[in-house]
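Before any comments, here is the structure.
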Amino acid sequence: MNTLTPPTGTLIPADAPFSAAQEAWLAGFIAGIAAAGRQNAGAGDAPAATIDVLYGTQTGNAEFLAGELVTGARARGLGGTATALDDVTPERLAAMSHVLVVTSTYGEGEMPDNAMLFWEALQADTAPRLEGLTYAVLGLGDRGYDDFCQAAKLIDTRLEQLGATRLHDRVDCDVDFEEPAAEWTAAVLERLVAETGASPAAAKAPAPVTKRSQWNKRNPYRSRLAVNRLLSSPDSAKEIRHYEFDLGDSGITYEAGDALAVVPVNDAVLVGELLTHLGASGDEEAAQLLRTEREIRIPSKELIADLVERAPSSELAAVVAHGDRSDLDSWLWGRDILDLLRDAGPAAPDLAELLPFLRPLQARQYSISSSPLAHPDRIHLTVASVRYGTGQRTYEGVASTYLADRADSAVGVFVQPNASFGVPADDDAPMVMIGPGTGIAPFRGFLHERAARGAAGRNWLFFGDQHRATDFVYEDELDELRKRGVLTELDLAFSRDQAEKVYVQTRMRERSRELYAWLEEGAHLYVCGDASRMAKDVEAALLGVIAEQRGRGDDDAAEYLADLRRAKRYVRDVY
């Protein structure tokens with residue numbers, strides 16, 4: 001990794017809490033602003049080169065970093081624009097000279113939703129050669145997944161295959177991406193300056209910077225949990241709760257469709273069991289560390305590898321030896337780190353040896369289920385408490401049961417904006433929402449938003465769960481919204497209320513003619529919920545509806561859906 005030294009004579013104090021990479025970036029930014037403010041300094045000069053920053057994002061982080069790249073480029077005398085990957089055709093890409101790609105990875109190594117069409121076109125045999133293109137790629141991901149930063153790796157390799165020249169090595173960032181992303185940004189921009197001969201003296205006004213709240217994962221707002229209410233029936237197989245967080249004097253703003261990140265605290269009982277097993281039950285410093293800073297439920301890949309090496313005769317080692325990832329996933333399901341330590345027996349690591357293998361405890365993101373127009377002083381969440389167990393142990397979701405059982409009046413939270421997932425800007429546009437289970441969360445916010453705006457557009461909700469009697473959350477609210485004319489259509493699918501299971505995609509097929517008619521009339525279609533099965537089944541049903549109604553085959557239906565994606569009329573919030 002390059003060693004970066006900030007320029008001398010900058011306004012950055014010597015004891016400022018920035019890394020060298022961050023100081024270098026800030027120094028260039030400040031120099032650009034100063035140069036732009038001098039009379040006649042570079043007035044009328046064209047930028048040395050235009051940098052196209054392309055981003056693929058699921059939760060907004062890549063889009064934010066893309067904006068910072070554009071700001072940094074313009075401060076250095078370069079032109080810069082940020083564009084979603086799906087808005088770039090291969091032909092447009094071939095006409096670009098300098099491209100920086102920032103992309104997250106979604107699901108199991110898949111492209112984020114706003115990069116899928118770009119990737120399909122880029123990997124096609126008809127993709128143009130790119131010998132005139134210079135590029136660099138930054139990946140955002142989570143090392144806990146096997147296909148860590150796979151989207152970035154695929155794009156990086158494919159651009160090289162098409163003849164483009166790599167400006168700088170790809171960097172793959174883990175969940176704590178800020179530091180490596182800042183270093184990559186500073187290094188890439190300095191290389192571009194050197195290559196193009198750009199100068200801060202020729203800098204134009206910086207690009208508008210996306211304003212971020214002072215509250216973030218390093219500095220969460222301590223919010224009062226004002227409401228914790230059970231939504232599902234006590235007889236339900238699920239436990240779904242409604243939460244309301246008081247924003248107080250935080251200055252936090254949000255939009256319907258954004259997410260709220262909750263900073264959890266581990267269960268003290270589990271922490272105690274873990275420390276007792278490790279022979280460190282009296283270590284209060286370790287107890288505090290494990291409660292608030294380390295992931296103690298889900299084992300990291302590095303811990304699994306270490307335990308296999310330490311205990312080659314363990315049950316875990318036998319499963320790993322088979323070499324089948326699905327077998328390992330099945331074996332790990334329902335087991336946590338304490339189970340794996342017990343499985344390793346006397347060969348298990350002690351506390352000091354274990355700590356390096358425990359990943360940082362991460363905030364959990366939940367779709368906001370309120371509208372700022374209806375509830376400007378609070379943020380609502382709709383969360384299913386995760387609880388399961390075997391005959392010997394009970395297991396609980398880290399954040400969901402923290403909220404349900406242990407959260408006090410000061411819960412760490414911060415907003416994660418999601419600019420691509422919100423109600424239509426056109427209040428007259430129809431809106432179709434598909435959100436079974438807790439997938440209803442953002443759509444409750446959408447409906448309250450449209451009601452508060454007095455939007456005339458029709459609204460159609462597909463909702464379902466297991467049993468109507470126990471799992472119909474927000475039933476009274478939805479009935480009231482129907483009576484007021486806000487909710488035009490409501491299709492329900494309670495899968496276990498009859499012999500044959502019925503899901504939201506079943507209802508979509510039953511109403512295929514009306515659903516297609518809404519799309520033809522300009523409806524925006526939204527999906528929220530489980531990515532592994534529901535979202536895929538819903539998309540398959542949607543393609544079937546389109547193919548049936550158009551009568552032009554599967555390829556035509558796929559292109560119709562792609563057009564909806566391009567128009568930002570088919571968007572998803574899936575997890």
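Order determines the names: the first chain of the structure tokens is A, the second B, and so forth; residues in each chain are numbered 1 upward, and ligands are numbered 1 upward as they are shown.
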
Inset, instruction - Could you give me the residues within stretch 155-278 of chain A that DSSP places in strand (DSSP E), as JSON, numbers by chain? - result: {"A": [165, 166, 171, 172, 173, 221, 222, 223, 224, 225, 226, 227, 228, 229, 230, 240, 241, 242, 243, 244, 245, 246, 259, 260, 261, 262, 263]}

Can you spit out the residues from that selection as a tab-separated table (two decimals), in the first residue's frame, using N, CA and C atoms?
chain	number	residue	atom	x	y	z
A	165	THR	N	-7.04	-0.37	-19.14
A	165	THR	CA	-5.79	-0.31	-18.38
A	165	THR	C	-6.09	0.00	-16.92
A	166	ARG	N	-5.59	-0.85	-16.04
A	166	ARG	CA	-5.83	-0.64	-14.61
A	166	ARG	C	-4.91	0.46	-14.09
A	171	VAL	N	-9.01	-2.47	-4.29
A	171	VAL	CA	-9.00	-2.65	-2.84
A	171	VAL	C	-10.37	-3.17	-2.44
A	172	ASP	N	-10.39	-4.25	-1.66
A	172	ASP	CA	-11.63	-4.84	-1.17
A	172	ASP	C	-11.79	-4.51	0.31
A	173	CYS	N	-12.82	-3.74	0.63
A	173	CYS	CA	-13.02	-3.24	1.99
A	173	CYS	C	-14.00	-4.13	2.75
A	221	TYR	N	-26.30	8.09	17.75
A	221	TYR	CA	-27.13	8.90	18.64
A	221	TYR	C	-27.76	8.00	19.69
A	222	ARG	N	-27.72	8.43	20.94
A	222	ARG	CA	-28.31	7.66	22.03
A	222	ARG	C	-29.78	8.04	22.14
A	223	SER	N	-30.63	7.23	21.54
A	223	SER	CA	-32.05	7.54	21.44
A	223	SER	C	-32.85	6.84	22.53
A	224	ARG	N	-33.90	7.52	22.97
A	224	ARG	CA	-34.82	6.91	23.93
A	224	ARG	C	-35.79	6.00	23.18
A	225	LEU	N	-35.85	4.74	23.59
A	225	LEU	CA	-36.80	3.81	23.00
A	225	LEU	C	-38.16	4.08	23.64
A	226	ALA	N	-39.00	4.82	22.92
A	226	ALA	CA	-40.26	5.31	23.50
A	226	ALA	C	-41.37	4.27	23.47
A	227	VAL	N	-41.35	3.37	22.48
A	227	VAL	CA	-42.42	2.37	22.34
A	227	VAL	C	-41.79	1.03	21.99
A	228	ASN	N	-42.23	0.00	22.68
A	228	ASN	CA	-41.85	-1.39	22.38
A	228	ASN	C	-43.13	-2.20	22.53
A	229	ARG	N	-43.80	-2.48	21.39
A	229	ARG	CA	-45.14	-3.07	21.43
A	229	ARG	C	-45.19	-4.35	20.59
A	230	LEU	N	-45.76	-5.39	21.15
A	230	LEU	CA	-45.94	-6.64	20.41
A	230	LEU	C	-47.04	-6.45	19.37
A	240	ILE	N	-43.30	-10.44	16.39
A	240	ILE	CA	-43.05	-9.22	15.62
A	240	ILE	C	-43.43	-8.03	16.48
A	241	ARG	N	-42.48	-7.09	16.59
A	241	ARG	CA	-42.66	-5.94	17.49
A	241	ARG	C	-42.57	-4.62	16.74
A	242	HIS	N	-43.26	-3.64	17.28
A	242	HIS	CA	-43.24	-2.27	16.77
A	242	HIS	C	-42.44	-1.42	17.76
A	243	TYR	N	-41.44	-0.71	17.23
A	243	TYR	CA	-40.59	0.14	18.06
A	243	TYR	C	-40.67	1.58	17.57
A	244	GLU	N	-40.55	2.51	18.53
A	244	GLU	CA	-40.48	3.92	18.18
A	244	GLU	C	-39.32	4.56	18.93
A	245	PHE	N	-38.43	5.22	18.18
A	245	PHE	CA	-37.25	5.86	18.73
A	245	PHE	C	-37.44	7.38	18.72
A	246	ASP	N	-37.26	7.98	19.87
A	246	ASP	CA	-37.41	9.43	20.02
A	246	ASP	C	-36.15	10.11	19.50
A	259	ALA	N	-33.16	3.33	6.09
A	259	ALA	CA	-33.00	2.31	7.13
A	259	ALA	C	-32.46	2.96	8.40
A	260	LEU	N	-32.76	2.33	9.52
A	260	LEU	CA	-32.18	2.75	10.79
A	260	LEU	C	-31.25	1.66	11.27
A	261	ALA	N	-30.01	2.05	11.55
A	261	ALA	CA	-29.04	1.10	12.10
A	261	ALA	C	-29.09	1.15	13.61
A	262	VAL	N	-29.16	-0.03	14.22
A	262	VAL	CA	-29.21	-0.16	15.67
A	262	VAL	C	-27.91	-0.78	16.15
A	263	VAL	N	-27.28	-0.14	17.12
A	263	VAL	CA	-26.03	-0.66	17.68
A	263	VAL	C	-26.40	-1.58	18.85

Inset, instruction - For A:Ala121, list every protein, DNA or RNA residue within 12 Å, evaluated using only C-alpha atoms, and leave out those in the same chain fewer than 2 positions away; present the list as a VMD selection string. - result: chain A and resid 85 to 93 115 to 119 123 to 128 155 158 562

Generate a file of the selected residues that holds C-alpha atoms, formatted as a PDB file, in the first residue's frame.
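Full text of again_36.pdb as output:
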ATOM      1  CA  LEU A  85     -23.729   1.613 -13.032  1.00  0.00           C
ATOM      2  CA  ASP A  86     -27.081   0.662 -14.550  1.00  0.00           C
ATOM      3  CA  ASP A  87     -27.323   4.114 -16.144  1.00  0.00           C
ATOM      4  CA  VAL A  88     -24.192   3.404 -18.218  1.00  0.00           C
ATOM      5  CA  THR A  89     -24.414   1.450 -21.469  1.00  0.00           C
ATOM      6  CA  PRO A  90     -21.369  -0.379 -22.891  1.00  0.00           C
ATOM      7  CA  GLU A  91     -21.207   2.167 -25.694  1.00  0.00           C
ATOM      8  CA  ARG A  92     -21.168   5.055 -23.241  1.00  0.00           C
ATOM      9  CA  LEU A  93     -18.522   3.256 -21.194  1.00  0.00           C
ATOM     10  CA  ALA A 115     -25.592  -2.712 -11.266  1.00  0.00           C
ATOM     11  CA  MET A 116     -27.281  -5.842 -12.602  1.00  0.00           C
ATOM     12  CA  LEU A 117     -28.080  -4.502 -16.075  1.00  0.00           C
ATOM     13  CA  PHE A 118     -24.591  -3.011 -16.414  1.00  0.00           C
ATOM     14  CA  TRP A 119     -23.012  -6.366 -15.571  1.00  0.00           C
ATOM     15  CA  GLN A 123     -20.142  -9.724 -19.761  1.00  0.00           C
ATOM     16  CA  ALA A 124     -21.993 -10.222 -23.043  1.00  0.00           C
ATOM     17  CA  ASP A 125     -20.067 -11.284 -26.149  1.00  0.00           C
ATOM     18  CA  THR A 126     -21.200  -8.054 -27.815  1.00  0.00           C
ATOM     19  CA  ALA A 127     -19.484  -5.807 -25.231  1.00  0.00           C
ATOM     20  CA  PRO A 128     -17.107  -3.352 -26.978  1.00  0.00           C
ATOM     21  CA  ILE A 155     -16.035  -5.963 -12.793  1.00  0.00           C
ATOM     22  CA  ARG A 158     -13.913  -8.019 -16.971  1.00  0.00           C
ATOM     23  CA  ALA A 562     -35.117  -4.442 -17.448  1.00  0.00           C
TER      24      ALA A 562
END

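Ranking A:Gly132, A:Gly67, A:Gly144, A:Gly435 by their shortest atom-to-atom distance to A:Arg359, with only C-alpha atoms included, puts A:Gly144 first.
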
Inset, instruction - Quick one: everything within 12 Å of A:Pro346, counting only C-alpha atoms, minus sequence neighbours fewer than 2 positions away in the same chain. Send it as an NGL selection string. - result: :A and (277-278 or 307 or 310-311 or 313-314 or 340-344 or 348-350)

Inset, instruction - Go through stretch 334-439 of chain A and collect every residue that DSSP, computed from the backbone, puts in helix (DSSP H, G or I); the answer should be as an MDAnalysis selection string. - result: chainID A and resid 337:347 351:357 398:406 437:439

Inset, instruction - Write out as a VMD selection string each polymer residue whose atoms come within 10 Å of A:Ile337, counting only C-alpha atoms; drop sequence neighbours fewer than 2 positions from it. - result: chain A and resid 274 295 to 300 303 to 304 332 335 339 to 343 358

Store the residues picked out above in a file with C-alpha atoms, as a tab-separated table (two decimals), in the first residue's frame.
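In the end it all went to out.tsv:
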chain	number	residue	atom	x	y	z
A	274	LEU	CA	-18.54	-17.85	27.20
A	295	GLU	CA	-19.47	-10.63	17.59
A	296	ILE	CA	-19.93	-13.70	19.82
A	297	ARG	CA	-22.72	-15.50	17.97
A	298	ILE	CA	-21.56	-16.07	14.41
A	299	PRO	CA	-18.08	-17.61	13.99
A	300	SER	CA	-15.72	-16.03	11.49
A	303	LEU	CA	-12.04	-18.97	13.67
A	304	ILE	CA	-13.45	-22.03	11.92
A	332	LEU	CA	-23.38	-24.39	11.56
A	335	ARG	CA	-24.72	-23.32	16.52
A	339	ASP	CA	-20.88	-24.52	20.64
A	340	LEU	CA	-17.79	-24.62	18.45
A	341	LEU	CA	-15.45	-24.11	21.40
A	342	ARG	CA	-17.13	-26.97	23.24
A	343	ASP	CA	-16.86	-29.13	20.12
A	358	LEU	CA	-13.87	-12.39	16.92

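Taking atom CA of A:Asn418 and atom CA of A:Thr185 as endpoints, the distance between them is 22.6 Å.
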
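Between atom CA of A:Ala469 and atom CA of A:Met508 lies a distance of 22.2 Å.
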
Inset, instruction - Counting only C-alpha atoms, figure out which residue out of A:Ala84, A:Thr57, A:Leu351, A:Glu302 gets nearest to A:Asp146. - result: A:Glu302

Inset, instruction - Could you give me, as an MDAnalysis selection string, the residues within 12 Å of A:Pro220, counting only C-alpha atoms and dropping anything in the same chain fewer than 3 positions from it? - result: chainID A and resid 213:217 223 247 250 252 260:264 363 410:416

Inset, instruction - Figure out the distance between atom CA of A:Val188 and atom CA of A:Gly107, please, to one decimal in Å. - result: 28.1 Å

Legend entry - Best match for closeness to A:Ser400 among A:Tyr474, A:Tyr135, A:Phe421, A:Tyr366, counting only C-alpha atoms: A:Tyr366

Legend entry - Closest of A:Gly60, A:Gly553, A:Pro442, A:Pro234 to A:His380 - atom-to-atom distances counting only C-alpha atoms: A:Pro442

Inset, instruction - Find the residues around stretch 284-293 of chain A up to 7 Å (only C-alpha atoms counted), leave out those fewer than 4 positions away in its own chain, and share them as a list in words. - result: Val265, Asn266, Asp267, Ala268, Val271, Pro360 and Leu361 of chain A

Would you mind exporting the chosen residues as a tab-separated table (two decimals), in the first residue's frame, restricted to C-alpha atoms?
chain	number	residue	atom	x	y	z
A	265	VAL	CA	-25.30	-5.04	23.01
A	266	ASN	CA	-24.65	-8.75	23.47
A	267	ASP	CA	-26.62	-10.73	26.01
A	268	ALA	CA	-24.80	-10.64	29.36
A	271	VAL	CA	-21.11	-13.40	27.66
A	360	PRO	CA	-16.28	-6.40	15.48
A	361	LEU	CA	-19.88	-6.24	16.64

Legend entry - Test item: residues at most 10 Å from A:Leu515, only C-alpha atoms, excluding those fewer than 2 positions along its chain, as a PyMOL selection string: chain A and resi 432+460+508-513+517-521+523+525+542+545-546+549
